[in-house]
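K.L.:
This is start_23.txt (compact mmCIF, C-alpha atoms).
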# COMPACT_ATOMS: atom_id res chain seq x y z
CA MET A 294 52.44 -176.62 -171.55
CA LYS A 295 53.44 -176.21 -167.92
CA ALA A 296 54.68 -172.93 -166.58
CA ARG A 297 58.26 -172.55 -165.51
CA ASN A 298 58.78 -173.07 -161.80
CA THR A 299 59.55 -169.46 -161.01
CA ALA A 300 59.20 -167.76 -157.65
CA MET A 301 58.25 -171.05 -156.00
CA ALA A 302 59.45 -170.07 -152.52
CA PHE A 303 56.64 -170.38 -150.02
CA LEU A 304 55.09 -167.41 -148.31
CA PRO A 305 55.70 -167.31 -144.55
CA SER A 306 51.99 -167.31 -143.73
CA ILE A 307 49.02 -167.96 -145.99
CA ALA A 308 46.71 -167.17 -143.06
CA LYS A 309 48.37 -163.76 -142.68
CA TYR A 310 47.74 -163.04 -146.37
CA PHE A 311 44.05 -163.95 -146.08
CA ALA A 312 43.76 -161.82 -142.93
CA HIS A 313 45.31 -158.79 -144.62
CA LEU A 314 42.88 -159.14 -147.53
CA GLU A 315 40.04 -159.56 -145.04
CA ALA A 316 39.04 -162.67 -146.97
CA ASP A 317 37.70 -165.74 -145.18
CA PRO A 318 39.15 -168.85 -146.88
CA ALA A 319 36.36 -171.00 -145.41
CA ALA A 320 33.81 -168.92 -147.34
CA LEU A 321 35.62 -169.37 -150.67
CA ASP A 322 35.65 -172.25 -153.13
CA PRO A 323 38.09 -174.98 -152.03
CA GLU A 324 39.26 -175.44 -155.63
CA PRO A 325 41.19 -172.90 -157.76
CA SER A 326 38.05 -171.46 -159.32
CA LEU A 327 37.38 -168.27 -161.23
CA ASN A 328 35.02 -167.03 -158.50
CA LYS A 329 37.75 -167.29 -155.90
CA LEU A 330 40.30 -165.57 -158.15
CA GLN A 331 37.86 -162.72 -158.80
CA HIS A 332 37.24 -162.25 -155.09
CA LEU A 333 40.93 -162.36 -154.15
CA GLN A 334 41.97 -159.93 -156.89
CA GLU A 335 39.27 -157.44 -155.89
CA CYS A 336 40.28 -157.69 -152.22
CA HIS A 337 43.95 -157.27 -153.14
CA LEU A 338 43.33 -154.10 -155.15
CA ALA A 339 41.26 -152.61 -152.30
CA LYS A 340 43.66 -153.47 -149.48
CA ILE A 341 47.17 -153.33 -150.99
CA PRO A 342 48.03 -150.17 -152.94
CA PHE A 343 50.38 -149.66 -155.82
CA GLU A 344 52.96 -147.26 -154.35
CA ASN A 345 56.52 -145.96 -154.66
CA LEU A 346 56.97 -144.46 -151.19
CA ALA A 347 60.40 -146.07 -150.69
CA GLN A 348 61.79 -143.93 -153.50
CA HIS A 349 60.79 -140.81 -151.58
CA GLY A 350 62.33 -141.44 -148.20
CA TRP A 351 59.96 -143.91 -146.57
CA VAL A 352 61.57 -146.66 -144.50
CA GLY A 353 61.87 -150.02 -146.18
CA GLY A 354 64.47 -149.62 -148.87
CA PRO A 355 64.02 -149.95 -152.62
CA ALA A 356 61.63 -152.37 -154.30
CA THR A 357 63.00 -155.89 -154.48
CA LEU A 358 62.40 -159.29 -156.08
CA ASP A 359 63.13 -160.97 -152.73
CA LEU A 360 59.86 -162.68 -151.82
CA GLU A 361 60.50 -162.77 -148.07
CA ARG A 362 61.30 -159.05 -147.90
CA THR A 363 58.29 -158.18 -150.04
CA ALA A 364 55.97 -160.33 -147.90
CA SER A 365 57.25 -158.62 -144.76
CA LYS A 366 56.81 -155.17 -146.33
CA VAL A 367 53.24 -155.82 -147.46
CA LEU A 368 51.84 -158.21 -144.85
CA ASP A 369 53.66 -157.06 -141.70
CA ARG A 370 54.16 -153.34 -142.35
CA LYS A 371 50.91 -152.98 -144.33
CA ARG A 372 52.60 -151.34 -147.30
CA GLY A 373 52.11 -151.63 -151.05
CA GLY A 374 54.66 -151.75 -153.86
CA PHE A 375 55.52 -151.89 -157.55
CA CYS A 376 54.05 -154.35 -160.05
CA LEU A 377 57.07 -156.66 -159.79
CA GLU A 378 56.59 -156.87 -156.03
CA LEU A 379 52.79 -157.10 -155.93
CA ASN A 380 52.32 -159.55 -158.79
CA LEU A 381 55.22 -161.69 -157.55
CA LEU A 382 53.56 -161.87 -154.15
CA PHE A 383 50.03 -162.44 -155.49
CA GLY A 384 51.20 -165.01 -158.05
CA THR A 385 53.04 -166.99 -155.37
CA PHE A 386 49.97 -166.81 -153.12
CA LEU A 387 47.77 -168.15 -155.93
CA ARG A 388 50.18 -170.99 -156.64
CA GLN A 389 50.01 -172.07 -153.03
CA LEU A 390 46.21 -172.12 -153.36
CA GLY A 391 46.48 -174.57 -156.27
CA TYR A 392 46.39 -172.23 -159.29
CA GLU A 393 48.78 -172.65 -162.21
CA VAL A 394 50.35 -169.21 -162.65
CA ARG A 395 52.63 -167.87 -165.38
CA PHE A 396 54.41 -164.52 -165.27
CA VAL A 397 54.50 -162.44 -168.45
CA SER A 398 56.59 -159.31 -169.03
CA CYS A 399 54.74 -156.35 -170.57
CA HIS A 400 55.59 -153.09 -172.33
CA VAL A 401 53.64 -150.11 -170.97
CA PHE A 402 51.97 -147.65 -173.35
CA ALA A 403 53.01 -144.11 -172.35
CA ASN A 404 53.48 -140.82 -174.19
CA ASN A 405 51.75 -142.17 -177.33
CA SER A 406 53.96 -145.25 -177.77
CA PHE A 407 54.96 -148.48 -176.11
CA GLN A 408 58.10 -148.28 -174.01
CA ASP A 409 61.16 -150.03 -175.43
CA VAL A 410 61.82 -151.93 -172.20
CA ALA A 411 59.26 -154.32 -170.71
CA THR A 412 59.00 -152.81 -167.23
CA HIS A 413 55.70 -154.39 -166.14
CA VAL A 414 54.88 -157.96 -165.12
CA ALA A 415 51.39 -159.48 -165.10
CA LEU A 416 49.92 -162.94 -164.50
CA ILE A 417 48.26 -165.62 -166.62
CA VAL A 418 46.24 -167.76 -164.21
CA GLU A 419 44.60 -171.09 -165.03
CA CYS A 420 41.20 -171.40 -163.33
CA GLN A 421 39.29 -174.61 -162.83
CA ALA A 422 36.09 -174.36 -164.84
CA GLU A 423 32.68 -175.43 -163.63
CA ASP A 424 31.21 -178.90 -164.25
CA GLN A 425 34.66 -180.49 -164.54
CA GLN A 426 35.41 -178.70 -167.81
CA PRO A 427 39.06 -178.02 -168.78
CA SER A 428 40.79 -175.13 -167.05
CA ALA A 429 40.75 -171.71 -168.69
CA PRO A 430 43.43 -168.97 -168.63
CA TYR A 431 42.77 -165.49 -167.25
CA PHE A 432 44.87 -162.31 -167.36
CA SER A 433 45.31 -161.06 -163.80
CA ASP A 434 47.06 -157.92 -162.57
CA VAL A 435 47.20 -156.31 -159.10
CA GLY A 436 50.15 -154.00 -159.76
CA PHE A 437 49.31 -151.59 -162.56
CA GLY A 438 47.80 -148.66 -160.70
CA GLU A 439 44.43 -148.99 -162.45
CA PRO A 440 43.95 -152.53 -163.71
CA SER A 441 40.58 -154.14 -164.29
CA LEU A 442 38.93 -155.04 -160.98
CA HIS A 443 38.53 -158.69 -162.01
CA PRO A 444 40.74 -160.87 -164.21
CA LEU A 445 40.06 -160.91 -167.95
CA LYS A 446 39.42 -164.10 -169.92
CA TYR A 447 42.56 -164.65 -171.95
CA THR A 448 41.06 -166.64 -174.83
CA ASN A 449 38.40 -164.07 -175.77
CA PHE A 450 40.67 -162.14 -178.13
CA GLY A 451 39.05 -159.05 -179.59
CA THR A 452 35.95 -159.33 -177.38
CA GLU A 453 34.89 -156.47 -175.10
CA GLN A 454 34.90 -157.47 -171.44
CA THR A 455 33.30 -155.36 -168.70
CA THR A 456 34.35 -155.74 -165.07
CA PRO A 457 32.26 -154.78 -161.98
CA GLU A 458 33.67 -151.27 -161.60
CA GLY A 459 32.53 -150.50 -165.15
CA MET A 460 35.88 -150.66 -166.94
CA LYS A 461 35.62 -151.98 -170.50
CA SER A 462 38.65 -153.88 -171.76
CA LYS A 463 39.65 -156.10 -174.64
CA ILE A 464 42.69 -158.22 -175.42
CA VAL A 465 43.71 -158.28 -179.09
CA LYS A 466 46.12 -160.82 -180.57
CA ASP A 467 47.98 -160.37 -183.87
CA ARG A 468 50.33 -163.31 -184.46
CA ASP A 469 52.68 -163.22 -181.46
CA VAL A 470 51.77 -159.69 -180.33
CA VAL A 471 49.07 -159.28 -177.68
CA ILE A 472 47.77 -155.85 -176.69
CA LEU A 473 45.46 -154.93 -173.82
CA TYR A 474 43.12 -152.02 -174.55
CA TRP A 475 40.65 -150.10 -172.41
CA LEU A 476 37.74 -147.94 -173.50
CA ARG A 477 38.44 -144.38 -172.43
CA ASP A 478 36.42 -141.32 -173.45
CA GLY A 479 34.77 -143.36 -176.21
CA SER A 480 38.03 -144.61 -177.77
CA TRP A 481 39.97 -147.84 -177.42
CA GLU A 482 43.39 -146.94 -176.00
CA PRO A 483 46.31 -149.37 -175.69
CA ARG A 484 47.68 -150.06 -172.22
CA LEU A 485 50.05 -153.05 -172.30
CA ARG A 486 51.77 -155.21 -174.93
CA TRP A 487 53.37 -158.63 -174.52
CA SER A 488 54.39 -161.78 -176.39
CA TYR A 489 51.78 -164.51 -176.73
CA SER A 490 54.41 -167.26 -176.88
CA GLU A 491 55.97 -165.93 -173.70
CA SER A 492 52.58 -165.94 -171.99
CA VAL A 493 52.16 -169.64 -172.83
CA VAL A 494 55.39 -170.73 -171.13
CA GLY A 495 55.93 -167.91 -168.62
CA VAL A 496 59.09 -166.04 -167.69
CA ASP A 497 61.45 -166.40 -164.77
CA ILE A 498 60.67 -163.37 -162.62
CA SER A 499 63.80 -163.92 -160.53
CA ASP A 500 66.32 -163.73 -163.39
CA GLU A 501 68.74 -160.89 -164.13
CA ARG A 502 66.50 -159.32 -166.77
CA MET A 503 63.76 -158.75 -164.22
CA ALA A 504 66.27 -157.21 -161.83
CA GLU A 505 67.36 -154.87 -164.61
CA ARG A 506 63.74 -153.90 -165.32
CA LEU A 507 63.14 -153.19 -161.66
CA ALA A 508 66.27 -151.01 -161.64
CA THR A 509 64.91 -149.17 -164.69
CA VAL A 510 61.63 -148.42 -162.91
CA GLN A 511 63.56 -147.06 -159.93
CA SER A 512 66.19 -145.11 -161.89
CA PRO A 513 66.47 -141.31 -161.43
CA ASP A 514 64.98 -140.83 -164.92
CA SER A 515 61.85 -142.83 -164.12
CA ILE A 516 58.56 -141.03 -163.55
CA PHE A 517 58.33 -142.93 -160.26
CA SER A 518 61.48 -141.22 -159.05
CA GLN A 519 60.11 -137.83 -160.03
CA LYS A 520 56.83 -137.96 -158.14
CA LEU A 521 55.10 -139.89 -155.40
CA ILE A 522 52.28 -142.22 -156.48
CA VAL A 523 49.92 -144.18 -154.26
CA THR A 524 46.73 -145.67 -155.64
CA ARG A 525 44.16 -148.30 -154.80
CA LEU A 526 41.02 -149.43 -156.56
CA THR A 527 37.61 -150.46 -155.26
CA ARG A 528 34.33 -151.25 -156.96
CA THR A 529 33.09 -147.71 -156.46
CA GLN A 530 36.16 -145.49 -156.71
CA LYS A 531 39.85 -145.12 -157.46
CA GLU A 532 41.87 -143.35 -154.77
CA THR A 533 45.14 -141.78 -155.89
CA LEU A 534 47.78 -139.58 -154.29
CA ALA A 535 50.21 -138.25 -156.91
CA GLY A 536 52.63 -135.35 -156.89
Hey, can you dump this file as structure tokens for me?

P.N.:
Amino acid sequence: MKARNTAMAFLPSIAKYFAHLEADPAALDPEPSLNKLQHLQECHLAKIPFENLAQHGWVGGPATLDLERTASKVLDRKRGGFCLELNLLFGTFLRQLGYEVRFVSCHVFANNSFQDVATHVALIVECQAEDQQPSAPYFSDVGFGEPSLHPLKYTNFGTEQTTPEGMKSKIVKDRDVVILYWLRDGSWEPRLRWSYSESVVGVDISDERMAERLATVQSPDSIFSQKLIVTRLTRTQKETLAG
């Protein structure tokens, strides 16, 4: 089933995006492969931080679903942003490189339970397999603060997956409920929850519900309004400024 045509506006400069990631497109696979997706996600996490500086007086205004404003903020002013900004931008970039991308809204696990409102958005990306095999879906996320360094295979439900930085993750499906876990201090802890059926068709990231979720993240009661958070992830370390 094809994804909904959401966020299909074109980025002002694909070359500028590659330059900011310090990724040479000529050195990458020409097709929408898994290897290319892995490289681009790792570069994105290293170069573009998750951050909420605008909520604490930095110039640029609040987070927005406007693709042109987000591209200017990240690519021209070398800033980061929230998940809705970063995954909107990255998902649109991937689409322009030939990937089929679906947006999926997620509930975050915090304070020992999943939040009632789905305030996070992640990506389901179809990658061209090797040897002309059918494409395969991968769960990709560049806007969660500490996601896995590489995308996770979406069809390996219940199977432990280890990414290059050493994070161990697994995606578990129970009917229509899908939960992402990570192994932390020897225990599997939940991180995100979403609807499997929604992940198959995708959601419209530009609709009013997404605007409401972005407003929730930026509300005075949100943890992001109460403290500054900037974080980026590399293969060897996670750098975080919080307080």

K.L.:
What's the separation between CA of Glu439 (chain A) and CA of Gly479 (chain A), in Å to one decimal place?

P.N.:
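These two atoms are separated by 17.7 Å.
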
K.L.:
Determine the nearest neighbour of Val470 (chain A) from the options A:Ser492, A:Asn449, A:Gln454, A:Gln421, counting all atoms listed in the file.

P.N.:
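Among A:Ser492, A:Asn449, A:Gln454, A:Gln421, it is A:Ser492 that comes nearest to Val470 (chain A).
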
K.L.:
Within 9 Å of Leu368 (chain A), counting all atoms listed in the file, which residues qualify if same-chain residues fewer than 6 places away don't, as JSON, numbers by chain?

P.N.:
{"A": [309, 310, 313]}

K.L.:
Give me, as an MDAnalysis selection string, all polymer residues having an atom no more than 12 Å from Trp487 (chain A), counting only C-alpha atoms and skipping those fewer than 2 positions away in the same chain.

P.N.:
chainID A and resid 396:402 407:417 432 464:473 483:485 489:493 495:496

K.L.:
Those selected residues, please, written with C-alpha atoms and delivered as a tab-separated table (two decimals), keeping the file's coordinate frame.

P.N.:
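And here is the file that came out, again37.tsv:
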chain	number	residue	atom	x	y	z
A	396	PHE	CA	54.41	-164.52	-165.27
A	397	VAL	CA	54.50	-162.44	-168.45
A	398	SER	CA	56.59	-159.31	-169.03
A	399	CYS	CA	54.74	-156.35	-170.57
A	400	HIS	CA	55.59	-153.09	-172.33
A	401	VAL	CA	53.64	-150.11	-170.97
A	402	PHE	CA	51.97	-147.65	-173.35
A	407	PHE	CA	54.96	-148.48	-176.11
A	408	GLN	CA	58.10	-148.28	-174.01
A	409	ASP	CA	61.16	-150.03	-175.43
A	410	VAL	CA	61.82	-151.93	-172.20
A	411	ALA	CA	59.26	-154.32	-170.71
A	412	THR	CA	59.00	-152.81	-167.23
A	413	HIS	CA	55.70	-154.39	-166.14
A	414	VAL	CA	54.88	-157.96	-165.12
A	415	ALA	CA	51.39	-159.48	-165.10
A	416	LEU	CA	49.92	-162.94	-164.50
A	417	ILE	CA	48.26	-165.62	-166.62
A	432	PHE	CA	44.87	-162.31	-167.36
A	464	ILE	CA	42.69	-158.22	-175.42
A	465	VAL	CA	43.71	-158.28	-179.09
A	466	LYS	CA	46.12	-160.82	-180.57
A	467	ASP	CA	47.98	-160.37	-183.87
A	468	ARG	CA	50.33	-163.31	-184.46
A	469	ASP	CA	52.68	-163.22	-181.46
A	470	VAL	CA	51.77	-159.69	-180.33
A	471	VAL	CA	49.07	-159.28	-177.68
A	472	ILE	CA	47.77	-155.85	-176.69
A	473	LEU	CA	45.46	-154.93	-173.82
A	483	PRO	CA	46.31	-149.37	-175.69
A	484	ARG	CA	47.68	-150.06	-172.22
A	485	LEU	CA	50.05	-153.05	-172.30
A	489	TYR	CA	51.78	-164.51	-176.73
A	490	SER	CA	54.41	-167.26	-176.88
A	491	GLU	CA	55.97	-165.93	-173.70
A	492	SER	CA	52.58	-165.94	-171.99
A	493	VAL	CA	52.16	-169.64	-172.83
A	495	GLY	CA	55.93	-167.91	-168.62
A	496	VAL	CA	59.09	-166.04	-167.69

K.L.:
Excluding same-chain residues fewer than 2 positions from Phe375 (chain A), what lies within 6 Å of it counting all atoms listed in the file, as a PDB file with C-alpha atoms, in the frame of the given file?

P.N.:
ATOM      1  CA  PHE A 343      50.380-149.660-155.820  1.00  0.00           C
ATOM      2  CA  LEU A 377      57.070-156.660-159.790  1.00  0.00           C
ATOM      3  CA  GLU A 378      56.590-156.870-156.030  1.00  0.00           C
TER       4      GLU A 378
END

K.L.:
Just want the 8 Å neighbourhood of Phe386 (chain A), counted on all atoms listed in the file, with same-chain residues fewer than 4 positions away dropped. Output as a PyMOL selection string.

P.N.:
chain A and resi 304+307+382+390

K.L.:
CA of Lys366 (chain A) and CA of Cys336 (chain A) are how many Å apart?

P.N.:
17.7 Å

K.L.:
What lies within 6 Å of region 518-532 of chain A using all atoms listed in the file, ignoring chain neighbours under 3 positions off, as a PDB file with C-alpha atoms, keeping the file's coordinate frame?

P.N.:
ATOM      1  CA  LEU A 338      43.330-154.100-155.150  1.00  0.00           C
ATOM      2  CA  ALA A 339      41.260-152.610-152.300  1.00  0.00           C
ATOM      3  CA  PRO A 342      48.030-150.170-152.940  1.00  0.00           C
ATOM      4  CA  PHE A 343      50.380-149.660-155.820  1.00  0.00           C
ATOM      5  CA  GLU A 344      52.960-147.260-154.350  1.00  0.00           C
ATOM      6  CA  ASN A 345      56.520-145.960-154.660  1.00  0.00           C
ATOM      7  CA  GLY A 438      47.800-148.660-160.700  1.00  0.00           C
ATOM      8  CA  GLU A 458      33.670-151.270-161.600  1.00  0.00           C
ATOM      9  CA  PRO A 513      66.470-141.310-161.430  1.00  0.00           C
ATOM     10  CA  SER A 515      61.850-142.830-164.120  1.00  0.00           C
ATOM     11  CA  ALA A 535      50.210-138.250-156.910  1.00  0.00           C
ATOM     12  CA  GLY A 536      52.630-135.350-156.890  1.00  0.00           C
TER      13      GLY A 536
END

K.L.:
Quick one: pull the distance between CA of Ile341 (chain A) and CA of Gly373 (chain A), Å, one decimal.

P.N.:
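So the answer is 5.2 Å.
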
K.L.:
Write out, as a Markdown table, each residue of region 399-508 of chain A that has an atom at most 10 Å from region 327-330 of chain A, together with the closest pair of atoms and their distance in Å to one decimal, counting only C-alpha atoms, rows going by chain and rising number.

P.N.:
| residue | atom | partner | partner_atom | distance |
| --- | --- | --- | --- | --- |
| A:Val418 | CA | A:Leu330 | CA | 8.8 |
| A:Glu419 | CA | A:Leu327 | CA | 8.6 |
| A:Cys420 | CA | A:Leu327 | CA | 5.4 |
| A:Gln421 | CA | A:Leu327 | CA | 6.8 |
| A:Ala422 | CA | A:Leu327 | CA | 7.2 |
| A:Glu423 | CA | A:Leu327 | CA | 8.9 |
| A:Ser428 | CA | A:Leu327 | CA | 9.6 |
| A:Ala429 | CA | A:Leu327 | CA | 8.9 |
| A:Pro430 | CA | A:Leu327 | CA | 9.6 |
| A:Tyr431 | CA | A:Leu327 | CA | 8.5 |
| A:Ser433 | CA | A:Leu330 | CA | 8.8 |
| A:His443 | CA | A:Leu330 | CA | 8.1 |
| A:Pro444 | CA | A:Leu330 | CA | 7.7 |
| A:Lys446 | CA | A:Leu327 | CA | 9.9 |

K.L.:
Generate the missing atoms of region 452-463 of chain A up to all heavy atoms and report them as a PDB file, in the coordinates of the input.

P.N.:
ATOM      1  N   THR A 452      37.292-159.465-177.939  1.00  0.00           N
ATOM      2  CA  THR A 452      35.950-159.330-177.380  1.00  0.00           C
ATOM      3  C   THR A 452      35.957-158.353-176.212  1.00  0.00           C
ATOM      4  O   THR A 452      36.815-158.431-175.329  1.00  0.00           O
ATOM      5  CB  THR A 452      35.437-160.700-176.879  1.00  0.00           C
ATOM      6  OG1 THR A 452      35.408-161.614-177.980  1.00  0.00           O
ATOM      7  CG2 THR A 452      34.034-160.568-176.297  1.00  0.00           C
ATOM      8  N   GLU A 453      35.010-157.428-176.202  1.00  0.00           N
ATOM      9  CA  GLU A 453      34.890-156.470-175.100  1.00  0.00           C
ATOM     10  C   GLU A 453      34.505-157.199-173.821  1.00  0.00           C
ATOM     11  O   GLU A 453      33.593-158.020-173.811  1.00  0.00           O
ATOM     12  CB  GLU A 453      33.858-155.414-175.456  1.00  0.00           C
ATOM     13  CG  GLU A 453      33.653-154.361-174.377  1.00  0.00           C
ATOM     14  CD  GLU A 453      32.592-153.353-174.765  1.00  0.00           C
ATOM     15  OE1 GLU A 453      32.705-152.752-175.869  1.00  0.00           O
ATOM     16  OE2 GLU A 453      31.633-153.160-173.977  1.00  0.00           O
ATOM     17  N   GLN A 454      35.197-156.887-172.739  1.00  0.00           N
ATOM     18  CA  GLN A 454      34.900-157.470-171.440  1.00  0.00           C
ATOM     19  C   GLN A 454      34.712-156.331-170.434  1.00  0.00           C
ATOM     20  O   GLN A 454      35.539-155.431-170.340  1.00  0.00           O
ATOM     21  CB  GLN A 454      36.046-158.385-170.967  1.00  0.00           C
ATOM     22  CG  GLN A 454      36.345-159.535-171.931  1.00  0.00           C
ATOM     23  CD  GLN A 454      37.408-160.470-171.407  1.00  0.00           C
ATOM     24  OE1 GLN A 454      37.295-161.010-170.297  1.00  0.00           O
ATOM     25  NE2 GLN A 454      38.451-160.696-172.202  1.00  0.00           N
ATOM     26  N   THR A 455      33.610-156.395-169.687  1.00  0.00           N
ATOM     27  CA  THR A 455      33.300-155.360-168.700  1.00  0.00           C
ATOM     28  C   THR A 455      33.409-155.942-167.306  1.00  0.00           C
ATOM     29  O   THR A 455      32.831-156.987-167.007  1.00  0.00           O
ATOM     30  CB  THR A 455      31.886-154.804-168.916  1.00  0.00           C
ATOM     31  OG1 THR A 455      31.765-154.316-170.253  1.00  0.00           O
ATOM     32  CG2 THR A 455      31.602-153.672-167.948  1.00  0.00           C
ATOM     33  N   THR A 456      34.162-155.283-166.441  1.00  0.00           N
ATOM     34  CA  THR A 456      34.350-155.740-165.070  1.00  0.00           C
ATOM     35  C   THR A 456      33.476-154.920-164.119  1.00  0.00           C
ATOM     36  O   THR A 456      32.925-153.879-164.505  1.00  0.00           O
ATOM     37  CB  THR A 456      35.840-155.655-164.694  1.00  0.00           C
ATOM     38  OG1 THR A 456      36.430-154.476-165.261  1.00  0.00           O
ATOM     39  CG2 THR A 456      36.591-156.852-165.246  1.00  0.00           C
ATOM     40  N   PRO A 457      33.287-155.360-162.854  1.00  0.00           N
ATOM     41  CA  PRO A 457      32.260-154.780-161.980  1.00  0.00           C
ATOM     42  C   PRO A 457      32.357-153.286-161.735  1.00  0.00           C
ATOM     43  O   PRO A 457      31.333-152.644-161.452  1.00  0.00           O
ATOM     44  CB  PRO A 457      32.446-155.564-160.669  1.00  0.00           C
ATOM     45  CG  PRO A 457      32.977-156.881-161.105  1.00  0.00           C
ATOM     46  CD  PRO A 457      33.890-156.567-162.246  1.00  0.00           C
ATOM     47  N   GLU A 458      33.554-152.708-161.816  1.00  0.00           N
ATOM     48  CA  GLU A 458      33.670-151.270-161.600  1.00  0.00           C
ATOM     49  C   GLU A 458      33.274-150.464-162.827  1.00  0.00           C
ATOM     50  O   GLU A 458      33.236-149.226-162.796  1.00  0.00           O
ATOM     51  CB  GLU A 458      35.101-150.911-161.162  1.00  0.00           C
ATOM     52  CG  GLU A 458      36.127-150.795-162.278  1.00  0.00           C
ATOM     53  CD  GLU A 458      36.575-152.113-162.883  1.00  0.00           C
ATOM     54  OE1 GLU A 458      35.870-153.138-162.737  1.00  0.00           O
ATOM     55  OE2 GLU A 458      37.636-152.125-163.529  1.00  0.00           O
ATOM     56  N   GLY A 459      32.975-151.158-163.933  1.00  0.00           N
ATOM     57  CA  GLY A 459      32.530-150.500-165.150  1.00  0.00           C
ATOM     58  C   GLY A 459      33.588-150.365-166.222  1.00  0.00           C
ATOM     59  O   GLY A 459      33.286-149.902-167.331  1.00  0.00           O
ATOM     60  N   MET A 460      34.836-150.750-165.934  1.00  0.00           N
ATOM     61  CA  MET A 460      35.880-150.660-166.940  1.00  0.00           C
ATOM     62  C   MET A 460      35.605-151.636-168.082  1.00  0.00           C
ATOM     63  O   MET A 460      35.270-152.797-167.861  1.00  0.00           O
ATOM     64  CB  MET A 460      37.256-150.957-166.338  1.00  0.00           C
ATOM     65  CG  MET A 460      38.401-150.848-167.337  1.00  0.00           C
ATOM     66  SD  MET A 460      40.025-151.268-166.642  1.00  0.00           S
ATOM     67  CE  MET A 460      40.293-149.875-165.556  1.00  0.00           C
ATOM     68  N   LYS A 461      35.769-151.144-169.319  1.00  0.00           N
ATOM     69  CA  LYS A 461      35.620-151.980-170.500  1.00  0.00           C
ATOM     70  C   LYS A 461      37.004-152.228-171.093  1.00  0.00           C
ATOM     71  O   LYS A 461      37.748-151.277-171.370  1.00  0.00           O
ATOM     72  CB  LYS A 461      34.704-151.303-171.527  1.00  0.00           C
ATOM     73  CG  LYS A 461      33.278-151.088-171.016  1.00  0.00           C
ATOM     74  CD  LYS A 461      32.396-150.461-172.089  1.00  0.00           C
ATOM     75  CE  LYS A 461      31.001-150.150-171.536  1.00  0.00           C
ATOM     76  NZ  LYS A 461      30.295-151.374-171.120  1.00  0.00           N
ATOM     77  N   SER A 462      37.337-153.491-171.273  1.00  0.00           N
ATOM     78  CA  SER A 462      38.650-153.880-171.760  1.00  0.00           C
ATOM     79  C   SER A 462      38.517-154.883-172.892  1.00  0.00           C
ATOM     80  O   SER A 462      37.476-155.536-173.054  1.00  0.00           O
ATOM     81  CB  SER A 462      39.481-154.526-170.628  1.00  0.00           C
ATOM     82  OG  SER A 462      39.543-153.707-169.482  1.00  0.00           O
ATOM     83  N   LYS A 463      39.575-155.009-173.679  1.00  0.00           N
ATOM     84  CA  LYS A 463      39.650-156.100-174.640  1.00  0.00           C
ATOM     85  C   LYS A 463      41.110-156.439-174.886  1.00  0.00           C
ATOM     86  O   LYS A 463      41.994-155.577-174.811  1.00  0.00           O
ATOM     87  CB  LYS A 463      38.941-155.762-175.954  1.00  0.00           C
ATOM     88  CG  LYS A 463      39.537-154.644-176.778  1.00  0.00           C
ATOM     89  CD  LYS A 463      38.745-154.464-178.076  1.00  0.00           C
ATOM     90  CE  LYS A 463      39.282-153.315-178.918  1.00  0.00           C
ATOM     91  NZ  LYS A 463      38.518-153.135-180.181  1.00  0.00           N
TER      92      LYS A 463
END
